[in-house]
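A.B. asks: This one is start36.cif, mmCIF, N, CA and C atoms.
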```cif
data_input
#
loop_
_atom_site.label_atom_id
_atom_site.label_comp_id
_atom_site.auth_asym_id
_atom_site.auth_seq_id
_atom_site.Cartn_x
_atom_site.Cartn_y
_atom_site.Cartn_z
N MET V 1 -2.37 -3.37 -9.43
CA MET V 1 -3.52 -4.22 -9.20
C MET V 1 -3.26 -5.03 -7.94
N ILE V 2 -4.26 -5.07 -7.10
CA ILE V 2 -4.20 -5.95 -5.95
C ILE V 2 -5.43 -6.84 -5.97
N GLY V 3 -5.32 -8.00 -5.37
CA GLY V 3 -6.41 -8.94 -5.25
C GLY V 3 -5.84 -10.21 -4.64
N THR V 4 -6.70 -11.02 -4.06
CA THR V 4 -6.23 -12.25 -3.45
C THR V 4 -7.38 -13.24 -3.28
N THR V 5 -7.03 -14.49 -3.28
CA THR V 5 -7.99 -15.54 -2.94
C THR V 5 -7.76 -16.00 -1.50
N GLN V 6 -6.78 -15.39 -0.84
CA GLN V 6 -6.45 -15.76 0.54
C GLN V 6 -7.30 -14.96 1.51
N TYR V 7 -7.93 -15.64 2.42
CA TYR V 7 -8.73 -15.00 3.46
C TYR V 7 -8.98 -16.02 4.53
N PRO V 8 -9.40 -15.73 5.73
CA PRO V 8 -9.64 -14.40 6.28
C PRO V 8 -8.33 -13.76 6.71
N GLY V 9 -8.39 -12.48 6.96
CA GLY V 9 -7.22 -11.75 7.44
C GLY V 9 -7.19 -10.33 6.90
N MET V 10 -6.23 -9.58 7.39
CA MET V 10 -6.09 -8.17 7.02
C MET V 10 -5.27 -8.04 5.74
N MET V 11 -5.70 -7.11 4.89
CA MET V 11 -4.95 -6.78 3.68
C MET V 11 -4.70 -5.28 3.70
N THR V 12 -3.43 -4.89 3.57
CA THR V 12 -3.08 -3.47 3.58
C THR V 12 -2.10 -3.17 2.47
N LEU V 13 -2.18 -1.96 1.96
CA LEU V 13 -1.25 -1.45 0.95
C LEU V 13 -0.77 -0.10 1.46
N ARG V 14 0.54 -0.02 1.77
CA ARG V 14 1.10 1.19 2.36
C ARG V 14 2.30 1.66 1.56
N ILE V 15 2.54 2.97 1.64
CA ILE V 15 3.69 3.60 1.01
C ILE V 15 4.63 4.08 2.12
N TYR V 16 5.93 3.79 1.97
CA TYR V 16 6.96 4.24 2.90
C TYR V 16 8.04 4.97 2.12
N ASN V 17 8.74 5.89 2.77
CA ASN V 17 9.88 6.53 2.11
C ASN V 17 11.12 5.66 2.29
N SER V 18 12.24 6.07 1.71
CA SER V 18 13.45 5.25 1.76
C SER V 18 14.03 5.15 3.17
N ALA V 19 13.60 6.02 4.08
CA ALA V 19 14.04 5.96 5.48
C ALA V 19 13.13 5.05 6.31
N GLY V 20 12.09 4.50 5.69
CA GLY V 20 11.19 3.60 6.38
C GLY V 20 10.03 4.29 7.09
N GLU V 21 9.85 5.57 6.84
CA GLU V 21 8.75 6.31 7.46
C GLU V 21 7.45 6.10 6.68
N HIS V 22 6.37 5.85 7.41
CA HIS V 22 5.07 5.64 6.78
C HIS V 22 4.61 6.94 6.12
N ILE V 23 4.28 6.87 4.84
CA ILE V 23 3.83 8.04 4.08
C ILE V 23 2.30 8.04 3.96
N LYS V 24 1.73 6.92 3.54
CA LYS V 24 0.28 6.88 3.37
C LYS V 24 -0.19 5.44 3.27
N THR V 25 -1.38 5.18 3.81
CA THR V 25 -2.04 3.89 3.64
C THR V 25 -3.06 4.05 2.52
N LEU V 26 -2.92 3.23 1.48
CA LEU V 26 -3.81 3.32 0.33
C LEU V 26 -5.00 2.38 0.42
N PHE V 27 -4.82 1.27 1.14
CA PHE V 27 -5.89 0.27 1.26
C PHE V 27 -5.71 -0.45 2.57
N GLU V 28 -6.80 -0.66 3.29
CA GLU V 28 -6.76 -1.42 4.54
C GLU V 28 -8.14 -2.02 4.76
N GLN V 29 -8.19 -3.35 4.76
CA GLN V 29 -9.49 -4.01 4.90
C GLN V 29 -9.30 -5.40 5.50
N GLU V 30 -10.20 -5.76 6.38
CA GLU V 30 -10.26 -7.12 6.93
C GLU V 30 -11.03 -7.96 5.93
N LEU V 31 -10.39 -8.98 5.37
CA LEU V 31 -11.03 -9.80 4.34
C LEU V 31 -11.80 -10.95 4.97
N THR V 32 -13.03 -11.12 4.53
CA THR V 32 -13.85 -12.25 4.94
C THR V 32 -14.21 -13.11 3.73
N GLN V 33 -13.77 -12.66 2.55
CA GLN V 33 -13.98 -13.39 1.30
C GLN V 33 -12.88 -12.97 0.33
N PRO V 34 -12.72 -13.68 -0.78
CA PRO V 34 -11.68 -13.29 -1.75
C PRO V 34 -11.88 -11.86 -2.24
N LEU V 35 -10.78 -11.21 -2.58
CA LEU V 35 -10.81 -9.84 -3.09
C LEU V 35 -10.51 -9.88 -4.59
N SER V 36 -11.46 -9.46 -5.40
CA SER V 36 -11.25 -9.42 -6.85
C SER V 36 -10.17 -8.41 -7.18
N PRO V 37 -9.40 -8.65 -8.24
CA PRO V 37 -8.36 -7.70 -8.62
C PRO V 37 -8.93 -6.29 -8.84
N MET V 38 -8.21 -5.29 -8.29
CA MET V 38 -8.62 -3.91 -8.41
C MET V 38 -7.40 -3.02 -8.51
N ALA V 39 -7.54 -1.91 -9.21
CA ALA V 39 -6.45 -0.95 -9.33
C ALA V 39 -6.54 0.04 -8.18
N ILE V 40 -5.39 0.36 -7.59
CA ILE V 40 -5.30 1.35 -6.53
C ILE V 40 -4.38 2.45 -7.05
N ASN V 41 -4.86 3.68 -7.08
CA ASN V 41 -4.06 4.80 -7.56
C ASN V 41 -3.59 5.64 -6.37
N TRP V 42 -2.37 6.13 -6.47
CA TRP V 42 -1.81 7.02 -5.46
C TRP V 42 -1.63 8.38 -6.10
N ASP V 43 -2.12 9.41 -5.45
CA ASP V 43 -2.05 10.77 -5.98
C ASP V 43 -0.72 11.47 -5.70
N GLY V 44 0.23 10.78 -5.09
CA GLY V 44 1.54 11.38 -4.80
C GLY V 44 1.54 12.27 -3.58
N LYS V 45 0.51 12.13 -2.75
CA LYS V 45 0.43 12.95 -1.54
C LYS V 45 0.58 12.07 -0.30
N ASN V 46 1.07 12.70 0.78
CA ASN V 46 1.23 11.96 2.02
C ASN V 46 -0.09 11.94 2.80
N LYS V 47 -0.07 11.37 3.99
CA LYS V 47 -1.29 11.23 4.79
C LYS V 47 -1.83 12.57 5.27
N TYR V 48 -1.06 13.66 5.10
CA TYR V 48 -1.50 15.00 5.48
C TYR V 48 -1.97 15.82 4.28
N GLY V 49 -1.99 15.20 3.09
CA GLY V 49 -2.45 15.88 1.89
C GLY V 49 -1.40 16.70 1.18
N GLN V 50 -0.14 16.59 1.61
CA GLN V 50 0.95 17.34 0.99
C GLN V 50 1.63 16.49 -0.08
N ALA V 51 2.05 17.11 -1.16
CA ALA V 51 2.77 16.39 -2.22
C ALA V 51 4.11 15.90 -1.67
N VAL V 52 4.47 14.67 -2.00
CA VAL V 52 5.74 14.12 -1.53
C VAL V 52 6.88 14.63 -2.40
N ALA V 53 8.07 14.56 -1.87
CA ALA V 53 9.27 14.98 -2.59
C ALA V 53 9.65 13.93 -3.63
N SER V 54 10.43 14.34 -4.61
CA SER V 54 10.98 13.38 -5.57
C SER V 54 11.85 12.39 -4.81
N GLY V 55 11.83 11.15 -5.23
CA GLY V 55 12.65 10.14 -4.58
C GLY V 55 12.10 8.74 -4.78
N VAL V 56 12.69 7.79 -4.07
CA VAL V 56 12.30 6.39 -4.15
C VAL V 56 11.39 6.07 -2.97
N TYR V 57 10.29 5.43 -3.24
CA TYR V 57 9.32 5.04 -2.22
C TYR V 57 9.11 3.53 -2.28
N ILE V 58 8.78 2.96 -1.14
CA ILE V 58 8.55 1.53 -1.03
C ILE V 58 7.04 1.29 -0.94
N VAL V 59 6.55 0.39 -1.78
CA VAL V 59 5.15 -0.02 -1.75
C VAL V 59 5.13 -1.37 -1.03
N TYR V 60 4.38 -1.44 0.07
CA TYR V 60 4.34 -2.64 0.90
C TYR V 60 2.92 -3.19 0.91
N LEU V 61 2.75 -4.39 0.38
CA LEU V 61 1.45 -5.06 0.35
C LEU V 61 1.50 -6.22 1.33
N GLN V 62 0.60 -6.19 2.28
CA GLN V 62 0.49 -7.30 3.23
C GLN V 62 -0.88 -7.92 3.04
N LYS V 63 -0.89 -9.23 2.80
CA LYS V 63 -2.15 -9.94 2.64
C LYS V 63 -2.21 -11.06 3.67
N PRO V 64 -3.34 -11.75 3.81
CA PRO V 64 -3.48 -12.70 4.91
C PRO V 64 -2.35 -13.73 5.05
N PHE V 65 -1.80 -14.22 3.96
CA PHE V 65 -0.76 -15.26 4.07
C PHE V 65 0.50 -14.90 3.31
N GLY V 66 0.83 -13.63 3.22
CA GLY V 66 2.04 -13.24 2.52
C GLY V 66 2.21 -11.74 2.47
N ARG V 67 3.29 -11.33 1.82
CA ARG V 67 3.55 -9.90 1.65
C ARG V 67 4.42 -9.71 0.42
N ALA V 68 4.42 -8.49 -0.08
CA ALA V 68 5.22 -8.17 -1.26
C ALA V 68 5.71 -6.73 -1.14
N LEU V 69 6.89 -6.49 -1.70
CA LEU V 69 7.49 -5.17 -1.71
C LEU V 69 7.79 -4.77 -3.15
N ALA V 70 7.68 -3.48 -3.41
CA ALA V 70 8.07 -2.94 -4.71
C ALA V 70 8.61 -1.53 -4.49
N ARG V 71 9.39 -1.06 -5.44
CA ARG V 71 9.91 0.31 -5.38
C ARG V 71 9.17 1.16 -6.39
N LEU V 72 9.02 2.43 -6.02
CA LEU V 72 8.32 3.38 -6.86
C LEU V 72 9.16 4.65 -6.87
N VAL V 73 9.38 5.21 -8.04
CA VAL V 73 10.17 6.43 -8.16
C VAL V 73 9.23 7.59 -8.49
N VAL V 74 9.33 8.65 -7.69
CA VAL V 74 8.55 9.87 -7.92
C VAL V 74 9.51 10.93 -8.45
N ILE V 75 9.17 11.51 -9.60
CA ILE V 75 9.99 12.56 -10.20
C ILE V 75 9.08 13.75 -10.48
N HIS V 76 9.49 14.91 -9.99
CA HIS V 76 8.71 16.14 -10.24
C HIS V 76 9.40 16.97 -11.29
#
```
Translate the structure described by the file into structure tokens.
C.D. replies:
Amino acid sequence: MIGTTQYPGMMTLRIYNSAGEHIKTLFEQELTQPLSPMAINWDGKNKYGQAVASGVYIVYLQKPFGRALARLVVIH
């Protein structure tokens, strides 16, 4: 779930691999008002539509006045 009462500014949700390479952008929007909580699903594919390999991925959320990181494990 993502959402924020912080605005204005850019909000992005991106996936990176353990080497720091950008895999896919799941959400990117310039906020002009608060963003209600919403679920964002990732289909396990990269920005080229290919399934990613098993491994650890980094979820990076950047919002107007902060950021957060989380780890995600993909197992096939």
A.B. asks: What lies within 7 Å of segment 53-65 of chain V using only N, CA and C atoms, ignoring chain neighbours under 2 positions off, as a list in words?
C.D. replies: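 My list of contacting residues is Gln6, Tyr7, Pro8, Gly9, Met10, Met11, Thr12, Leu13, Arg14, Ile15, Tyr16, Asn17, Ser18, Gln50, Ala51, Arg67, Ala68, Leu69, Ala70, Arg71, Leu72, Val73, Val74, Ile75 and His76 of chain V.
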A.B. asks: In chain V, what's strand (DSSP E or B) per DSSP? Answer as an mmCIF file with N, CA and C atoms, in the frame of the given file?
C.D. replies:
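The result, written out as out32.cif:
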```cif
data_model
loop_
_atom_site.group_PDB
_atom_site.id
_atom_site.type_symbol
_atom_site.label_atom_id
_atom_site.label_comp_id
_atom_site.auth_asym_id
_atom_site.auth_seq_id
_atom_site.Cartn_x
_atom_site.Cartn_y
_atom_site.Cartn_z
ATOM 1 N N ILE V 2 -4.260 -5.070 -7.100
ATOM 2 C CA ILE V 2 -4.200 -5.950 -5.950
ATOM 3 C C ILE V 2 -5.430 -6.840 -5.970
ATOM 4 N N GLY V 3 -5.320 -8.000 -5.370
ATOM 5 C CA GLY V 3 -6.410 -8.940 -5.250
ATOM 6 C C GLY V 3 -5.840 -10.210 -4.640
ATOM 7 N N THR V 4 -6.700 -11.020 -4.060
ATOM 8 C CA THR V 4 -6.230 -12.250 -3.450
ATOM 9 C C THR V 4 -7.380 -13.240 -3.280
ATOM 10 N N GLY V 9 -8.390 -12.480 6.960
ATOM 11 C CA GLY V 9 -7.220 -11.750 7.440
ATOM 12 C C GLY V 9 -7.190 -10.330 6.900
ATOM 13 N N MET V 10 -6.230 -9.580 7.390
ATOM 14 C CA MET V 10 -6.090 -8.170 7.020
ATOM 15 C C MET V 10 -5.270 -8.040 5.740
ATOM 16 N N MET V 11 -5.700 -7.110 4.890
ATOM 17 C CA MET V 11 -4.950 -6.780 3.680
ATOM 18 C C MET V 11 -4.700 -5.280 3.700
ATOM 19 N N THR V 12 -3.430 -4.890 3.570
ATOM 20 C CA THR V 12 -3.080 -3.470 3.580
ATOM 21 C C THR V 12 -2.100 -3.170 2.470
ATOM 22 N N LEU V 13 -2.180 -1.960 1.960
ATOM 23 C CA LEU V 13 -1.250 -1.450 0.950
ATOM 24 C C LEU V 13 -0.770 -0.100 1.460
ATOM 25 N N ARG V 14 0.540 -0.020 1.770
ATOM 26 C CA ARG V 14 1.100 1.190 2.360
ATOM 27 C C ARG V 14 2.300 1.660 1.560
ATOM 28 N N ILE V 15 2.540 2.970 1.640
ATOM 29 C CA ILE V 15 3.690 3.600 1.010
ATOM 30 C C ILE V 15 4.630 4.080 2.120
ATOM 31 N N TYR V 16 5.930 3.790 1.970
ATOM 32 C CA TYR V 16 6.960 4.240 2.900
ATOM 33 C C TYR V 16 8.040 4.970 2.120
ATOM 34 N N ASN V 17 8.740 5.890 2.770
ATOM 35 C CA ASN V 17 9.880 6.530 2.110
ATOM 36 C C ASN V 17 11.120 5.660 2.290
ATOM 37 N N HIS V 22 6.370 5.850 7.410
ATOM 38 C CA HIS V 22 5.070 5.640 6.780
ATOM 39 C C HIS V 22 4.610 6.940 6.120
ATOM 40 N N ILE V 23 4.280 6.870 4.840
ATOM 41 C CA ILE V 23 3.830 8.040 4.080
ATOM 42 C C ILE V 23 2.300 8.040 3.960
ATOM 43 N N LYS V 24 1.730 6.920 3.540
ATOM 44 C CA LYS V 24 0.280 6.880 3.370
ATOM 45 C C LYS V 24 -0.190 5.440 3.270
ATOM 46 N N THR V 25 -1.380 5.180 3.810
ATOM 47 C CA THR V 25 -2.040 3.890 3.640
ATOM 48 C C THR V 25 -3.060 4.050 2.520
ATOM 49 N N LEU V 26 -2.920 3.230 1.480
ATOM 50 C CA LEU V 26 -3.810 3.320 0.330
ATOM 51 C C LEU V 26 -5.000 2.380 0.420
ATOM 52 N N PHE V 27 -4.820 1.270 1.140
ATOM 53 C CA PHE V 27 -5.890 0.270 1.260
ATOM 54 C C PHE V 27 -5.710 -0.450 2.570
ATOM 55 N N GLU V 28 -6.800 -0.660 3.290
ATOM 56 C CA GLU V 28 -6.760 -1.420 4.540
ATOM 57 C C GLU V 28 -8.140 -2.020 4.760
ATOM 58 N N GLN V 29 -8.190 -3.350 4.760
ATOM 59 C CA GLN V 29 -9.490 -4.010 4.900
ATOM 60 C C GLN V 29 -9.300 -5.400 5.500
ATOM 61 N N GLU V 30 -10.200 -5.760 6.380
ATOM 62 C CA GLU V 30 -10.260 -7.120 6.930
ATOM 63 C C GLU V 30 -11.030 -7.960 5.930
ATOM 64 N N LEU V 31 -10.390 -8.980 5.370
ATOM 65 C CA LEU V 31 -11.030 -9.800 4.340
ATOM 66 C C LEU V 31 -11.800 -10.950 4.970
ATOM 67 N N LEU V 35 -10.780 -11.210 -2.580
ATOM 68 C CA LEU V 35 -10.810 -9.840 -3.090
ATOM 69 C C LEU V 35 -10.510 -9.880 -4.590
ATOM 70 N N SER V 36 -11.460 -9.460 -5.400
ATOM 71 C CA SER V 36 -11.250 -9.420 -6.850
ATOM 72 C C SER V 36 -10.170 -8.410 -7.180
ATOM 73 N N PRO V 37 -9.400 -8.650 -8.240
ATOM 74 C CA PRO V 37 -8.360 -7.700 -8.620
ATOM 75 C C PRO V 37 -8.930 -6.290 -8.840
ATOM 76 N N MET V 38 -8.210 -5.290 -8.290
ATOM 77 C CA MET V 38 -8.620 -3.910 -8.410
ATOM 78 C C MET V 38 -7.400 -3.020 -8.510
ATOM 79 N N LYS V 45 0.510 12.130 -2.750
ATOM 80 C CA LYS V 45 0.430 12.950 -1.540
ATOM 81 C C LYS V 45 0.580 12.070 -0.300
ATOM 82 N N ALA V 51 2.050 17.110 -1.160
ATOM 83 C CA ALA V 51 2.770 16.390 -2.220
ATOM 84 C C ALA V 51 4.110 15.900 -1.670
ATOM 85 N N GLY V 55 11.830 11.150 -5.230
ATOM 86 C CA GLY V 55 12.650 10.140 -4.580
ATOM 87 C C GLY V 55 12.100 8.740 -4.780
ATOM 88 N N VAL V 56 12.690 7.790 -4.070
ATOM 89 C CA VAL V 56 12.300 6.390 -4.150
ATOM 90 C C VAL V 56 11.390 6.070 -2.970
ATOM 91 N N TYR V 57 10.290 5.430 -3.240
ATOM 92 C CA TYR V 57 9.320 5.040 -2.220
ATOM 93 C C TYR V 57 9.110 3.530 -2.280
ATOM 94 N N ILE V 58 8.780 2.960 -1.140
ATOM 95 C CA ILE V 58 8.550 1.530 -1.030
ATOM 96 C C ILE V 58 7.040 1.290 -0.940
ATOM 97 N N VAL V 59 6.550 0.390 -1.780
ATOM 98 C CA VAL V 59 5.150 -0.020 -1.750
ATOM 99 C C VAL V 59 5.130 -1.370 -1.030
ATOM 100 N N TYR V 60 4.380 -1.440 0.070
ATOM 101 C CA TYR V 60 4.340 -2.640 0.900
ATOM 102 C C TYR V 60 2.920 -3.190 0.910
ATOM 103 N N LEU V 61 2.750 -4.390 0.380
ATOM 104 C CA LEU V 61 1.450 -5.060 0.350
ATOM 105 C C LEU V 61 1.500 -6.220 1.330
ATOM 106 N N GLN V 62 0.600 -6.190 2.280
ATOM 107 C CA GLN V 62 0.490 -7.300 3.230
ATOM 108 C C GLN V 62 -0.880 -7.920 3.040
ATOM 109 N N LYS V 63 -0.890 -9.230 2.800
ATOM 110 C CA LYS V 63 -2.150 -9.940 2.640
ATOM 111 C C LYS V 63 -2.210 -11.060 3.670
ATOM 112 N N GLY V 66 0.830 -13.630 3.220
ATOM 113 C CA GLY V 66 2.040 -13.240 2.520
ATOM 114 C C GLY V 66 2.210 -11.740 2.470
ATOM 115 N N ARG V 67 3.290 -11.330 1.820
ATOM 116 C CA ARG V 67 3.550 -9.900 1.650
ATOM 117 C C ARG V 67 4.420 -9.710 0.420
ATOM 118 N N ALA V 68 4.420 -8.490 -0.080
ATOM 119 C CA ALA V 68 5.220 -8.170 -1.260
ATOM 120 C C ALA V 68 5.710 -6.730 -1.140
ATOM 121 N N LEU V 69 6.890 -6.490 -1.700
ATOM 122 C CA LEU V 69 7.490 -5.170 -1.710
ATOM 123 C C LEU V 69 7.790 -4.770 -3.150
ATOM 124 N N ALA V 70 7.680 -3.480 -3.410
ATOM 125 C CA ALA V 70 8.070 -2.940 -4.710
ATOM 126 C C ALA V 70 8.610 -1.530 -4.490
ATOM 127 N N ARG V 71 9.390 -1.060 -5.440
ATOM 128 C CA ARG V 71 9.910 0.310 -5.380
ATOM 129 C C ARG V 71 9.170 1.160 -6.390
ATOM 130 N N LEU V 72 9.020 2.430 -6.020
ATOM 131 C CA LEU V 72 8.320 3.380 -6.860
ATOM 132 C C LEU V 72 9.160 4.650 -6.870
ATOM 133 N N VAL V 73 9.380 5.210 -8.040
ATOM 134 C CA VAL V 73 10.170 6.430 -8.160
ATOM 135 C C VAL V 73 9.230 7.590 -8.490
ATOM 136 N N VAL V 74 9.330 8.650 -7.690
ATOM 137 C CA VAL V 74 8.550 9.870 -7.920
ATOM 138 C C VAL V 74 9.510 10.930 -8.450
#
```
A.B. asks: Give me, please, the distance in Å between atom N of Asn41 of chain V and atom N of Gly3 of chain V, quoted to one decimal.
C.D. replies: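 Distance between the two atoms: 11.8 Å.
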A.B. asks: Please, what distance in Å, to one decimal, runs between atom C of Gly66 of chain V and atom C of Met38 of chain V?
C.D. replies: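 Separation of atom C of Gly66 of chain V and atom C of Met38 of chain V: 17.0 Å.
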A.B. asks: Quick check on the file I pasted: which residues fall under the PyMOL selection byres (((chain V and resi 47 and name CA) around 8) and name CA)? Write them as a short mmCIF file (atom, residue, chain, number, x, y, z; two decimals) with N, CA and C atoms, in the coordinates of the input.
C.D. replies:
```
data_model
loop_
_atom_site.label_atom_id
_atom_site.label_comp_id
_atom_site.auth_asym_id
_atom_site.auth_seq_id
_atom_site.Cartn_x
_atom_site.Cartn_y
_atom_site.Cartn_z
N ILE V 23 4.28 6.87 4.84
CA ILE V 23 3.83 8.04 4.08
C ILE V 23 2.30 8.04 3.96
N LYS V 24 1.73 6.92 3.54
CA LYS V 24 0.28 6.88 3.37
C LYS V 24 -0.19 5.44 3.27
N THR V 25 -1.38 5.18 3.81
CA THR V 25 -2.04 3.89 3.64
C THR V 25 -3.06 4.05 2.52
N LYS V 45 0.51 12.13 -2.75
CA LYS V 45 0.43 12.95 -1.54
C LYS V 45 0.58 12.07 -0.30
N ASN V 46 1.07 12.70 0.78
CA ASN V 46 1.23 11.96 2.02
C ASN V 46 -0.09 11.94 2.80
N TYR V 48 -1.06 13.66 5.10
CA TYR V 48 -1.50 15.00 5.48
C TYR V 48 -1.97 15.82 4.28
N GLY V 49 -1.99 15.20 3.09
CA GLY V 49 -2.45 15.88 1.89
C GLY V 49 -1.40 16.70 1.18
N GLN V 50 -0.14 16.59 1.61
CA GLN V 50 0.95 17.34 0.99
C GLN V 50 1.63 16.49 -0.08
#
```
A.B. asks: Might I get the box with edges along x, y and z of the file that holds all atoms of segment 36-46 of chain V listed there, padded by 8 Å on every side, given as centre and edge lengths in Å to one decimal, as lines of an AutoDock Vina configuration file?
C.D. replies:
```
center_x = -5.0
center_y = 1.7
center_z = -3.3
size_x = 29.0
size_y = 38.4
size_z = 28.1
```
A.B. asks: To one decimal in Å, tell me the separation between atom CA of Met1 of chain V and atom CA of Pro37 of chain V.
C.D. replies: 6.0 Å
A.B. asks: Got a sec: who's within 8 Å of Ile40 of chain V, counting only C-alpha atoms, leaving out chain neighbours fewer than 3 positions off, as a short mmCIF file (atom, residue, chain, number, x, y, z; two decimals) with N, CA and C atoms, in the coordinates of the input?
C.D. replies:
```cif
data_model
loop_
_atom_site.label_atom_id
_atom_site.label_comp_id
_atom_site.auth_asym_id
_atom_site.auth_seq_id
_atom_site.Cartn_x
_atom_site.Cartn_y
_atom_site.Cartn_z
N MET V 1 -2.37 -3.37 -9.43
CA MET V 1 -3.52 -4.22 -9.20
C MET V 1 -3.26 -5.03 -7.94
N ILE V 2 -4.26 -5.07 -7.10
CA ILE V 2 -4.20 -5.95 -5.95
C ILE V 2 -5.43 -6.84 -5.97
N LEU V 26 -2.92 3.23 1.48
CA LEU V 26 -3.81 3.32 0.33
C LEU V 26 -5.00 2.38 0.42
N PHE V 27 -4.82 1.27 1.14
CA PHE V 27 -5.89 0.27 1.26
C PHE V 27 -5.71 -0.45 2.57
#
```
